[in-house]
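Peer 1: data.csv is reproduced in full below (CSV, N, CA and C atoms).
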```
chain,number,residue,atom,x,y,z
K,1,GLN,N,-6.5,-25.1,-27.5
K,1,GLN,CA,-5.7,-26.3,-27.0
K,1,GLN,C,-5.9,-27.4,-28.1
K,2,VAL,N,-4.7,-27.9,-28.6
K,2,VAL,CA,-4.7,-28.9,-29.6
K,2,VAL,C,-4.9,-30.3,-28.9
K,3,GLN,N,-5.8,-31.1,-29.5
K,3,GLN,CA,-5.9,-32.5,-29.0
K,3,GLN,C,-5.6,-33.4,-30.1
K,4,LEU,N,-4.7,-34.4,-29.8
K,4,LEU,CA,-4.3,-35.4,-30.8
K,4,LEU,C,-4.9,-36.7,-30.3
K,5,VAL,N,-5.5,-37.4,-31.3
K,5,VAL,CA,-6.1,-38.7,-31.0
K,5,VAL,C,-5.5,-39.8,-31.9
K,6,GLU,N,-4.9,-40.8,-31.3
K,6,GLU,CA,-4.3,-41.9,-32.1
K,6,GLU,C,-5.4,-43.0,-32.2
K,7,SER,N,-5.2,-43.8,-33.3
K,7,SER,CA,-6.1,-45.0,-33.5
K,7,SER,C,-5.3,-46.0,-34.3
K,8,GLY,N,-5.9,-47.2,-34.3
K,8,GLY,CA,-5.3,-48.2,-35.2
K,8,GLY,C,-4.4,-49.2,-34.5
K,9,GLY,N,-4.1,-49.0,-33.3
K,9,GLY,CA,-3.3,-50.0,-32.6
K,9,GLY,C,-4.0,-51.4,-32.5
K,10,ALA,N,-3.2,-52.4,-32.6
K,10,ALA,CA,-3.8,-53.8,-32.6
K,10,ALA,C,-2.7,-54.8,-32.3
K,11,MET,N,-3.2,-56.1,-32.2
K,11,MET,CA,-2.2,-57.2,-32.0
K,11,MET,C,-2.0,-57.7,-33.4
K,12,VAL,N,-0.8,-58.0,-33.8
K,12,VAL,CA,-0.4,-58.5,-35.1
K,12,VAL,C,0.7,-59.5,-35.0
K,13,GLN,N,0.8,-60.4,-35.9
K,13,GLN,CA,1.9,-61.4,-35.8
K,13,GLN,C,3.2,-60.8,-36.4
K,14,ALA,N,4.3,-61.3,-35.9
K,14,ALA,CA,5.6,-60.9,-36.5
K,14,ALA,C,5.6,-61.1,-38.0
K,15,GLY,N,6.1,-60.1,-38.7
K,15,GLY,CA,6.2,-60.1,-40.1
K,15,GLY,C,5.0,-59.4,-40.8
K,16,GLY,N,4.0,-59.1,-40.0
K,16,GLY,CA,2.8,-58.5,-40.5
K,16,GLY,C,2.9,-57.0,-40.6
K,17,SER,N,1.8,-56.4,-41.0
K,17,SER,CA,1.7,-54.9,-41.2
K,17,SER,C,0.6,-54.3,-40.4
K,18,LEU,N,0.7,-53.0,-40.2
K,18,LEU,CA,-0.3,-52.3,-39.4
K,18,LEU,C,-0.1,-50.8,-39.8
K,19,ARG,N,-1.3,-50.1,-39.8
K,19,ARG,CA,-1.2,-48.6,-39.9
K,19,ARG,C,-1.9,-48.0,-38.8
K,20,VAL,N,-1.2,-47.1,-38.1
K,20,VAL,CA,-1.8,-46.3,-37.0
K,20,VAL,C,-1.9,-44.9,-37.5
K,21,SER,N,-3.0,-44.2,-37.0
K,21,SER,CA,-3.3,-42.9,-37.4
K,21,SER,C,-3.4,-41.9,-36.3
K,22,CYS,N,-3.2,-40.6,-36.6
K,22,CYS,CA,-3.3,-39.6,-35.5
K,22,CYS,C,-4.0,-38.4,-36.2
K,23,ALA,N,-5.0,-37.9,-35.5
K,23,ALA,CA,-5.7,-36.7,-36.1
K,23,ALA,C,-5.9,-35.7,-35.0
K,24,ALA,N,-5.8,-34.4,-35.4
K,24,ALA,CA,-6.0,-33.3,-34.5
K,24,ALA,C,-7.5,-33.1,-34.3
K,25,SER,N,-8.0,-33.2,-33.1
K,25,SER,CA,-9.4,-33.1,-33.0
K,25,SER,C,-9.9,-31.6,-33.0
K,26,ARG,N,-9.0,-30.7,-32.9
K,26,ARG,CA,-9.4,-29.3,-33.0
K,26,ARG,C,-8.5,-28.6,-34.0
K,27,GLY,N,-8.9,-27.5,-34.4
K,27,GLY,CA,-8.2,-26.7,-35.5
K,27,GLY,C,-6.8,-26.4,-35.1
K,28,ILE,N,-5.9,-26.5,-35.9
K,28,ILE,CA,-4.5,-26.1,-35.7
K,28,ILE,C,-4.2,-25.0,-36.7
K,29,PHE,N,-3.8,-23.9,-36.1
K,29,PHE,CA,-3.5,-22.7,-36.9
K,29,PHE,C,-2.0,-22.6,-37.3
K,30,SER,N,-1.2,-23.3,-36.6
K,30,SER,CA,0.2,-23.3,-37.0
K,30,SER,C,0.8,-24.7,-36.7
K,31,MET,N,1.0,-25.5,-37.7
K,31,MET,CA,1.6,-26.8,-37.6
K,31,MET,C,2.9,-26.8,-38.4
K,32,TYR,N,3.9,-27.2,-37.7
K,32,TYR,CA,5.2,-27.3,-38.4
K,32,TYR,C,5.8,-28.7,-38.6
K,33,ALA,N,5.4,-29.6,-37.7
K,33,ALA,CA,5.8,-31.0,-37.9
K,33,ALA,C,5.0,-31.9,-37.0
K,34,MET,N,4.9,-33.1,-37.4
K,34,MET,CA,4.3,-34.2,-36.5
K,34,MET,C,5.2,-35.4,-36.5
K,35,GLY,N,5.2,-36.1,-35.4
K,35,GLY,CA,6.1,-37.2,-35.2
K,35,GLY,C,5.4,-38.3,-34.5
K,36,TRP,N,6.0,-39.5,-34.6
K,36,TRP,CA,5.6,-40.7,-33.8
K,36,TRP,C,6.7,-41.1,-32.9
K,37,PHE,N,6.3,-41.5,-31.7
K,37,PHE,CA,7.3,-42.0,-30.7
K,37,PHE,C,6.7,-43.3,-30.2
K,38,LEU,N,7.5,-44.2,-29.6
K,38,LEU,CA,7.1,-45.4,-29.0
K,38,LEU,C,7.6,-45.5,-27.6
K,39,GLN,N,6.9,-46.2,-26.7
K,39,GLN,CA,7.3,-46.4,-25.4
K,39,GLN,C,7.0,-47.9,-25.0
K,40,ALA,N,8.0,-48.7,-24.8
K,40,ALA,CA,7.8,-50.1,-24.4
K,40,ALA,C,7.7,-50.1,-22.9
K,41,PRO,N,7.1,-51.2,-22.4
K,41,PRO,CA,6.9,-51.3,-20.9
K,41,PRO,C,8.3,-51.2,-20.2
K,42,GLY,N,8.3,-50.3,-19.2
K,42,GLY,CA,9.5,-50.1,-18.4
K,42,GLY,C,10.6,-49.4,-19.1
K,43,LYS,N,10.4,-48.8,-20.3
K,43,LYS,CA,11.4,-48.1,-21.0
K,43,LYS,C,11.0,-46.6,-21.2
K,44,GLU,N,12.0,-45.8,-21.6
K,44,GLU,CA,11.7,-44.4,-21.9
K,44,GLU,C,11.1,-44.3,-23.3
K,45,ARG,N,10.4,-43.2,-23.5
K,45,ARG,CA,9.8,-42.9,-24.8
K,45,ARG,C,10.9,-42.6,-25.8
K,46,GLU,N,10.8,-43.1,-27.0
K,46,GLU,CA,11.8,-42.9,-28.0
K,46,GLU,C,11.3,-42.6,-29.4
K,47,PHE,N,12.1,-41.9,-30.1
K,47,PHE,CA,11.7,-41.4,-31.4
K,47,PHE,C,11.5,-42.6,-32.4
K,48,VAL,N,10.5,-42.4,-33.3
K,48,VAL,CA,10.3,-43.4,-34.4
K,48,VAL,C,10.4,-42.7,-35.7
K,49,ALA,N,9.6,-41.7,-36.0
K,49,ALA,CA,9.6,-41.0,-37.3
K,49,ALA,C,8.9,-39.7,-37.1
K,50,ALA,N,9.3,-38.8,-38.1
K,50,ALA,CA,8.7,-37.4,-38.1
K,50,ALA,C,8.6,-36.9,-39.5
K,51,ILE,N,7.7,-35.9,-39.7
K,51,ILE,CA,7.5,-35.3,-41.0
K,51,ILE,C,7.3,-33.8,-40.8
K,52,ASN,N,7.9,-33.1,-41.7
K,52,ASN,CA,7.7,-31.6,-41.7
K,52,ASN,C,6.3,-31.4,-42.4
K,53,TRP,N,5.6,-30.3,-41.9
K,53,TRP,CA,4.2,-30.2,-42.3
K,53,TRP,C,4.1,-29.5,-43.7
K,54,SER,N,5.0,-28.5,-43.9
K,54,SER,CA,4.8,-27.8,-45.2
K,54,SER,C,5.9,-28.2,-46.2
K,55,GLY,N,5.8,-27.5,-47.3
K,55,GLY,CA,6.8,-27.8,-48.4
K,55,GLY,C,6.7,-29.3,-48.8
K,56,GLY,N,7.8,-29.9,-49.1
K,56,GLY,CA,7.9,-31.2,-49.5
K,56,GLY,C,7.6,-32.3,-48.5
K,57,GLY,N,7.4,-31.9,-47.3
K,57,GLY,CA,7.2,-32.8,-46.2
K,57,GLY,C,8.3,-33.8,-46.0
K,58,SER,N,9.5,-33.2,-45.7
K,58,SER,CA,10.6,-34.1,-45.5
K,58,SER,C,10.4,-35.0,-44.3
K,59,THR,N,11.0,-36.1,-44.3
K,59,THR,CA,10.8,-37.1,-43.2
K,59,THR,C,12.2,-37.6,-42.6
K,60,THR,N,12.1,-38.1,-41.4
K,60,THR,CA,13.2,-38.7,-40.8
K,60,THR,C,12.8,-39.9,-40.0
K,61,TYR,N,13.7,-40.9,-39.8
K,61,TYR,CA,13.3,-42.2,-39.2
K,61,TYR,C,14.4,-42.6,-38.2
K,62,ALA,N,14.0,-43.3,-37.2
K,62,ALA,CA,15.0,-44.0,-36.3
K,62,ALA,C,15.6,-45.1,-37.2
K,63,ASP,N,16.8,-45.4,-36.9
K,63,ASP,CA,17.5,-46.5,-37.6
K,63,ASP,C,16.8,-47.8,-37.5
K,64,SER,N,16.2,-48.0,-36.4
K,64,SER,CA,15.5,-49.3,-36.1
K,64,SER,C,14.3,-49.6,-37.0
K,65,VAL,N,13.7,-48.5,-37.5
K,65,VAL,CA,12.5,-48.7,-38.4
K,65,VAL,C,12.7,-48.3,-39.8
K,66,LYS,N,13.9,-47.8,-40.1
K,66,LYS,CA,14.2,-47.3,-41.5
K,66,LYS,C,14.0,-48.5,-42.5
K,67,GLY,N,13.2,-48.3,-43.5
K,67,GLY,CA,13.0,-49.3,-44.5
K,67,GLY,C,11.8,-50.2,-44.2
K,68,ARG,N,11.3,-50.1,-43.0
K,68,ARG,CA,10.1,-50.9,-42.6
K,68,ARG,C,8.9,-50.0,-42.3
K,69,PHE,N,9.1,-48.8,-41.8
K,69,PHE,CA,8.0,-47.9,-41.4
K,69,PHE,C,8.0,-46.7,-42.4
K,70,THR,N,6.8,-46.2,-42.7
K,70,THR,CA,6.6,-45.0,-43.5
K,70,THR,C,5.7,-44.0,-42.8
K,71,ILE,N,6.1,-42.8,-42.7
K,71,ILE,CA,5.2,-41.8,-42.1
K,71,ILE,C,4.7,-40.9,-43.3
K,72,SER,N,3.4,-40.6,-43.1
K,72,SER,CA,2.8,-39.7,-44.2
K,72,SER,C,1.8,-38.8,-43.5
K,73,ARG,N,1.4,-37.8,-44.2
K,73,ARG,CA,0.5,-36.8,-43.6
K,73,ARG,C,-0.6,-36.4,-44.6
K,74,ASP,N,-1.8,-36.0,-44.0
K,74,ASP,CA,-2.9,-35.5,-44.8
K,74,ASP,C,-3.0,-34.0,-44.4
K,75,TYR,N,-2.5,-33.2,-45.2
K,75,TYR,CA,-2.4,-31.7,-44.8
K,75,TYR,C,-3.8,-31.2,-44.5
K,76,PHE,N,-4.8,-31.5,-45.2
K,76,PHE,CA,-6.1,-30.9,-45.1
K,76,PHE,C,-6.9,-31.5,-43.9
K,77,LYS,N,-6.5,-32.7,-43.5
K,77,LYS,CA,-7.2,-33.4,-42.4
K,77,LYS,C,-6.4,-33.2,-41.1
K,78,ASN,N,-5.2,-32.5,-41.2
K,78,ASN,CA,-4.4,-32.4,-40.0
K,78,ASN,C,-4.1,-33.8,-39.4
K,79,ALA,N,-3.8,-34.7,-40.2
K,79,ALA,CA,-3.6,-36.1,-39.7
K,79,ALA,C,-2.3,-36.6,-40.2
K,80,VAL,N,-1.7,-37.5,-39.4
K,80,VAL,CA,-0.5,-38.2,-39.7
K,80,VAL,C,-0.6,-39.7,-39.6
K,81,TYR,N,0.0,-40.4,-40.4
K,81,TYR,CA,-0.1,-41.9,-40.4
K,81,TYR,C,1.3,-42.5,-40.3
K,82,LEU,N,1.3,-43.7,-39.7
K,82,LEU,CA,2.5,-44.5,-39.6
K,82,LEU,C,2.2,-45.9,-40.2
K,83,GLU,N,2.7,-46.2,-41.4
K,83,GLU,CA,2.6,-47.5,-42.0
K,83,GLU,C,3.7,-48.4,-41.5
K,84,MET,N,3.4,-49.5,-40.9
K,84,MET,CA,4.5,-50.3,-40.3
K,84,MET,C,4.4,-51.7,-41.0
K,85,ASN,N,5.5,-52.1,-41.6
K,85,ASN,CA,5.6,-53.3,-42.3
K,85,ASN,C,6.7,-54.2,-41.7
K,86,ASN,N,6.6,-55.5,-41.9
K,86,ASN,CA,7.6,-56.4,-41.4
K,86,ASN,C,7.8,-56.2,-39.9
K,87,LEU,N,6.7,-56.2,-39.2
K,87,LEU,CA,6.8,-55.9,-37.7
K,87,LEU,C,7.5,-57.0,-37.0
K,88,LYS,N,8.2,-56.6,-35.9
K,88,LYS,CA,9.0,-57.4,-35.1
K,88,LYS,C,8.5,-57.4,-33.7
K,89,THR,N,8.8,-58.4,-32.9
K,89,THR,CA,8.3,-58.4,-31.5
K,89,THR,C,8.8,-57.2,-30.7
K,90,GLU,N,10.0,-56.8,-31.1
K,90,GLU,CA,10.5,-55.6,-30.4
K,90,GLU,C,9.9,-54.3,-30.7
K,91,ASP,N,9.0,-54.3,-31.7
K,91,ASP,CA,8.2,-53.1,-32.0
K,91,ASP,C,7.0,-53.0,-31.1
K,92,THR,N,6.7,-53.9,-30.2
K,92,THR,CA,5.6,-53.9,-29.3
K,92,THR,C,5.8,-52.7,-28.3
K,93,ALA,N,4.8,-51.8,-28.3
K,93,ALA,CA,4.9,-50.6,-27.5
K,93,ALA,C,3.6,-49.8,-27.6
K,94,ASP,N,3.5,-48.8,-26.8
K,94,ASP,CA,2.5,-47.8,-27.0
K,94,ASP,C,3.1,-46.8,-28.0
K,95,TYR,N,2.3,-46.4,-29.0
K,95,TYR,CA,2.8,-45.4,-30.0
K,95,TYR,C,2.0,-44.1,-29.8
K,96,TYR,N,2.8,-43.1,-29.7
K,96,TYR,CA,2.3,-41.7,-29.4
K,96,TYR,C,2.6,-40.8,-30.6
K,97,CYS,N,1.6,-40.0,-31.0
K,97,CYS,CA,1.9,-39.0,-31.9
K,97,CYS,C,2.1,-37.6,-31.2
K,98,ALA,N,2.8,-36.7,-31.9
K,98,ALA,CA,3.2,-35.5,-31.3
K,98,ALA,C,3.1,-34.4,-32.4
K,99,ALA,N,2.8,-33.2,-32.0
K,99,ALA,CA,2.7,-32.1,-32.9
K,99,ALA,C,3.7,-30.9,-32.5
K,100,ARG,N,4.3,-30.3,-33.4
K,100,ARG,CA,5.1,-29.2,-33.2
K,100,ARG,C,4.4,-28.0,-33.7
K,101,THR,N,4.0,-27.0,-32.9
K,101,THR,CA,3.3,-25.8,-33.3
K,101,THR,C,4.1,-24.5,-33.2
K,102,ARG,N,5.3,-24.6,-32.5
K,102,ARG,CA,6.2,-23.5,-32.5
K,102,ARG,C,6.9,-23.5,-33.8
K,103,ILE,N,7.4,-22.4,-34.2
K,103,ILE,CA,8.1,-22.2,-35.5
K,103,ILE,C,9.3,-23.2,-35.5
K,104,TRP,N,9.4,-23.9,-36.7
K,104,TRP,CA,10.5,-24.9,-36.9
K,104,TRP,C,11.0,-24.6,-38.3
K,105,ARG,N,12.2,-24.2,-38.4
K,105,ARG,CA,12.8,-23.8,-39.7
K,105,ARG,C,13.8,-24.8,-40.3
K,106,ASP,N,14.1,-25.8,-39.5
K,106,ASP,CA,15.1,-26.8,-40.0
K,106,ASP,C,14.4,-27.6,-41.1
K,107,SER,N,15.2,-27.9,-42.1
K,107,SER,CA,14.7,-28.7,-43.2
K,107,SER,C,14.4,-30.2,-42.8
K,108,ASN,N,15.1,-30.6,-41.7
K,108,ASN,CA,14.8,-31.9,-41.1
K,108,ASN,C,13.8,-31.8,-40.0
K,109,PRO,N,12.9,-32.7,-39.9
K,109,PRO,CA,11.9,-32.6,-38.8
K,109,PRO,C,12.5,-32.9,-37.5
K,110,PRO,N,11.9,-32.4,-36.4
K,110,PRO,CA,12.4,-32.6,-35.1
K,110,PRO,C,12.3,-34.1,-34.6
K,111,ARG,N,13.3,-34.5,-33.8
K,111,ARG,CA,13.4,-35.9,-33.4
K,111,ARG,C,13.4,-36.0,-31.8
K,112,ALA,N,13.6,-34.9,-31.1
K,112,ALA,CA,13.6,-35.0,-29.7
K,112,ALA,C,12.2,-34.7,-29.1
K,113,LEU,N,12.0,-35.4,-27.9
K,113,LEU,CA,10.7,-35.2,-27.2
K,113,LEU,C,10.4,-33.8,-26.9
K,114,ASP,N,11.4,-33.0,-26.4
K,114,ASP,CA,11.1,-31.7,-26.0
K,114,ASP,C,11.0,-30.7,-27.1
K,115,GLU,N,11.1,-31.2,-28.3
K,115,GLU,CA,10.9,-30.3,-29.5
K,115,GLU,C,9.4,-30.3,-30.0
K,116,TYR,N,8.6,-31.1,-29.3
K,116,TYR,CA,7.2,-31.2,-29.6
K,116,TYR,C,6.4,-30.5,-28.5
K,117,ASP,N,5.2,-30.0,-28.9
K,117,ASP,CA,4.4,-29.2,-28.1
K,117,ASP,C,3.1,-29.9,-27.5
K,118,TYR,N,2.6,-30.8,-28.3
K,118,TYR,CA,1.4,-31.5,-27.9
K,118,TYR,C,1.6,-33.0,-28.2
K,119,TRP,N,0.9,-33.8,-27.3
K,119,TRP,CA,1.0,-35.3,-27.4
K,119,TRP,C,-0.4,-35.9,-27.3
K,120,GLY,N,-0.5,-37.0,-28.0
K,120,GLY,CA,-1.7,-37.8,-27.9
K,120,GLY,C,-1.6,-38.8,-26.7
K,121,ARG,N,-2.6,-39.6,-26.5
K,121,ARG,CA,-2.5,-40.5,-25.3
K,121,ARG,C,-2.0,-41.9,-25.7
K,122,GLY,N,-1.8,-42.1,-26.9
K,122,GLY,CA,-1.1,-43.4,-27.3
K,122,GLY,C,-2.1,-44.4,-27.8
K,123,THR,N,-1.6,-45.3,-28.6
K,123,THR,CA,-2.3,-46.5,-29.1
K,123,THR,C,-1.4,-47.7,-29.0
K,124,LEU,N,-1.9,-48.8,-28.5
K,124,LEU,CA,-1.0,-50.0,-28.2
K,124,LEU,C,-0.9,-50.9,-29.5
K,125,VAL,N,0.4,-51.2,-29.8
K,125,VAL,CA,0.7,-52.1,-30.9
K,125,VAL,C,1.4,-53.3,-30.2
K,126,THR,N,0.9,-54.5,-30.4
K,126,THR,CA,1.5,-55.7,-29.8
K,126,THR,C,1.8,-56.6,-31.0
K,127,VAL,N,3.1,-57.0,-31.1
K,127,VAL,CA,3.5,-57.9,-32.1
K,127,VAL,C,3.9,-59.3,-31.5
K,128,SER,N,3.1,-60.3,-31.9
K,128,SER,CA,3.3,-61.6,-31.3
K,128,SER,C,4.2,-62.5,-32.2
K,129,SER,N,4.9,-63.4,-31.6
K,129,SER,CA,5.8,-64.2,-32.3
K,129,SER,C,5.1,-65.4,-32.9
```
Using the file provided, produce a representation of the structure as structure tokens.
Peer 2:
Amino acid sequence: QVQLVESGGAMVQAGGSLRVSCAASRGIFSMYAMGWFLQAPGKEREFVAAINWSGGGSTTYADSVKGRFTISRDYFKNAVYLEMNNLKTEDTADYYCAARTRIWRDSNPPRALDEYDYWGRGTLVTVSS
């Protein structure tokens, strides 16, 4: 059973930066992609960014974060990071990482919730004005 643990959530002022991390606490024998999702209070969980695990590590982003957020991976640590710059108050949410361990052959990483197999418990990011 894969366990994902997020860390790095904090309160930050609008315009600031923050990096959140996610690590697999147990060995993963087949990782195909990892992603980040956010869930604001009273709203549904939505896609933020994702990265394919092998090859060149292609990435994809939600339009709302493109140019501000960067996803990266540490292949040997089974970890994924989300660097968030120029944060806005509307970025306030719980941030969840997810792992895809079923075979994924698309050159673009998965973006839908049901395309992921494991989830972390989230880390809270609060952006104040």
Peer 1: I want to know what sits within 8 Å of K:Val125, based on all atoms listed in the file, with residues of the same chain fewer than 5 positions away left out; could you give that as a list in words?
Peer 2: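 Result of the neighbour search: Gly8, Gly9, Ala10, Met11, Val12, Asp91, Thr92, Ala93, Asp94 and Tyr95 of chain K.
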Peer 1: Take the residues from that selection and write them out as a PDB file, keeping the file's coordinate frame, keeping N, CA and C atoms.
Peer 2:
```pdb
ATOM      1  N   GLY K   8      -5.900 -47.200 -34.300  1.00  0.00           N
ATOM      2  CA  GLY K   8      -5.300 -48.200 -35.200  1.00  0.00           C
ATOM      3  C   GLY K   8      -4.400 -49.200 -34.500  1.00  0.00           C
ATOM      4  N   GLY K   9      -4.100 -49.000 -33.300  1.00  0.00           N
ATOM      5  CA  GLY K   9      -3.300 -50.000 -32.600  1.00  0.00           C
ATOM      6  C   GLY K   9      -4.000 -51.400 -32.500  1.00  0.00           C
ATOM      7  N   ALA K  10      -3.200 -52.400 -32.600  1.00  0.00           N
ATOM      8  CA  ALA K  10      -3.800 -53.800 -32.600  1.00  0.00           C
ATOM      9  C   ALA K  10      -2.700 -54.800 -32.300  1.00  0.00           C
ATOM     10  N   MET K  11      -3.200 -56.100 -32.200  1.00  0.00           N
ATOM     11  CA  MET K  11      -2.200 -57.200 -32.000  1.00  0.00           C
ATOM     12  C   MET K  11      -2.000 -57.700 -33.400  1.00  0.00           C
ATOM     13  N   VAL K  12      -0.800 -58.000 -33.800  1.00  0.00           N
ATOM     14  CA  VAL K  12      -0.400 -58.500 -35.100  1.00  0.00           C
ATOM     15  C   VAL K  12       0.700 -59.500 -35.000  1.00  0.00           C
ATOM     16  N   ASP K  91       9.000 -54.300 -31.700  1.00  0.00           N
ATOM     17  CA  ASP K  91       8.200 -53.100 -32.000  1.00  0.00           C
ATOM     18  C   ASP K  91       7.000 -53.000 -31.100  1.00  0.00           C
ATOM     19  N   THR K  92       6.700 -53.900 -30.200  1.00  0.00           N
ATOM     20  CA  THR K  92       5.600 -53.900 -29.300  1.00  0.00           C
ATOM     21  C   THR K  92       5.800 -52.700 -28.300  1.00  0.00           C
ATOM     22  N   ALA K  93       4.800 -51.800 -28.300  1.00  0.00           N
ATOM     23  CA  ALA K  93       4.900 -50.600 -27.500  1.00  0.00           C
ATOM     24  C   ALA K  93       3.600 -49.800 -27.600  1.00  0.00           C
ATOM     25  N   ASP K  94       3.500 -48.800 -26.800  1.00  0.00           N
ATOM     26  CA  ASP K  94       2.500 -47.800 -27.000  1.00  0.00           C
ATOM     27  C   ASP K  94       3.100 -46.800 -28.000  1.00  0.00           C
ATOM     28  N   TYR K  95       2.300 -46.400 -29.000  1.00  0.00           N
ATOM     29  CA  TYR K  95       2.800 -45.400 -30.000  1.00  0.00           C
ATOM     30  C   TYR K  95       2.000 -44.100 -29.800  1.00  0.00           C
TER      31      TYR K  95
END
```
Peer 1: Using only N, CA and C atoms, collect all residues at a distance of at most 7 Å from (-0.5, -29.3, -40.3) as written in the file, then present them as JSON, numbers by chain.
Peer 2: {"K": [28, 30, 31, 32, 33, 53, 54, 74, 75, 76, 78, 79]}
Peer 1: From a DSSP calculation on the backbone, collect every residue of chain K in helix (DSSP H, G or I) and output the set as a list in words.
Peer 2: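 Taking chain K and keeping helix (DSSP H, G or I) only, one gets Thr89, Glu90, Asp91, Leu113, Asp114 and Glu115 of chain K.
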Peer 1: From a backbone DSSP assignment, name each residue in chain K labelled strand (DSSP E), as JSON, numbers by chain.
Peer 2: {"K": [4, 5, 6, 7, 11, 12, 13, 18, 19, 20, 21, 22, 23, 24, 33, 34, 35, 36, 37, 38, 39, 46, 47, 48, 49, 50, 51, 52, 59, 60, 61, 69, 70, 71, 72, 73, 74, 79, 80, 81, 82, 83, 84, 93, 94, 95, 96, 97, 98, 99, 100, 118, 119, 123, 124, 125, 126, 127, 128]}
Peer 1: Name the residues within 12 Å of (6.6, -28.6, -32.0), counting only C-alpha atoms in the file's coordinates, and put them as a ChimeraX atom specification.
Peer 2: /K:2,28,30-35,50-53,97-106,109-119
Peer 1: Give me, please, the distance in Å between atom CA of K:Glu46 and atom CA of K:Leu124, quoted to one decimal.
Peer 2: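 A separation of 14.6 Å between them.
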Peer 1: Which is closest to K:Asn85 among K:Thr59, K:Gln3, K:Gly15, K:Ser21, if we use only C-alpha atoms?
Peer 2: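 Smallest distance to K:Asn85 is found for K:Gly15.
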Peer 1: Counting all atoms listed in the file, figure out which residue out of K:Gly56, K:Ser129, K:Arg68, K:Gly122 gets nearest to K:Ser7.
Peer 2: K:Gly122
Peer 1: Pick from K:Gln1, K:Ser64, K:Asn86, K:Ser128: nearest to K:Ser17, with all atoms listed in the file counted?
Peer 2: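 Under the stated criterion, the closest residue is K:Asn86.
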Peer 1: What does the distance from atom C of K:Leu4 to atom CA of K:Thr70 come to in Å, to one decimal?
Peer 2: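 Separation of atom C of K:Leu4 and atom CA of K:Thr70: 19.4 Å.
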Peer 1: Which one is closest to K:Ala24: K:Leu87, K:Leu38, K:Val80, K:Ile71? Count all atoms listed in the file.
Peer 2: K:Val80
Peer 1: Quick one: pull the distance between atom CA of K:Gly67 and atom CA of K:Glu83, Å, one decimal.
Peer 2: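 We find that atom CA of K:Gly67 and atom CA of K:Glu83 lie 10.8 Å from each other.
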Peer 1: Might you pull out every residue within 6 Å of K:Arg121, with all atoms listed in the file counted and same-chain residues fewer than 4 positions away left off, and present them as an MDAnalysis selection string?
Peer 2: chainID K and resid 4:6 96
Peer 1: Restricting the calculation to all atoms listed in the file: of K:Phe37, K:Glu44, K:Val127, K:Asn108, which residue gets closest to K:Glu90?
Peer 2: K:Val127
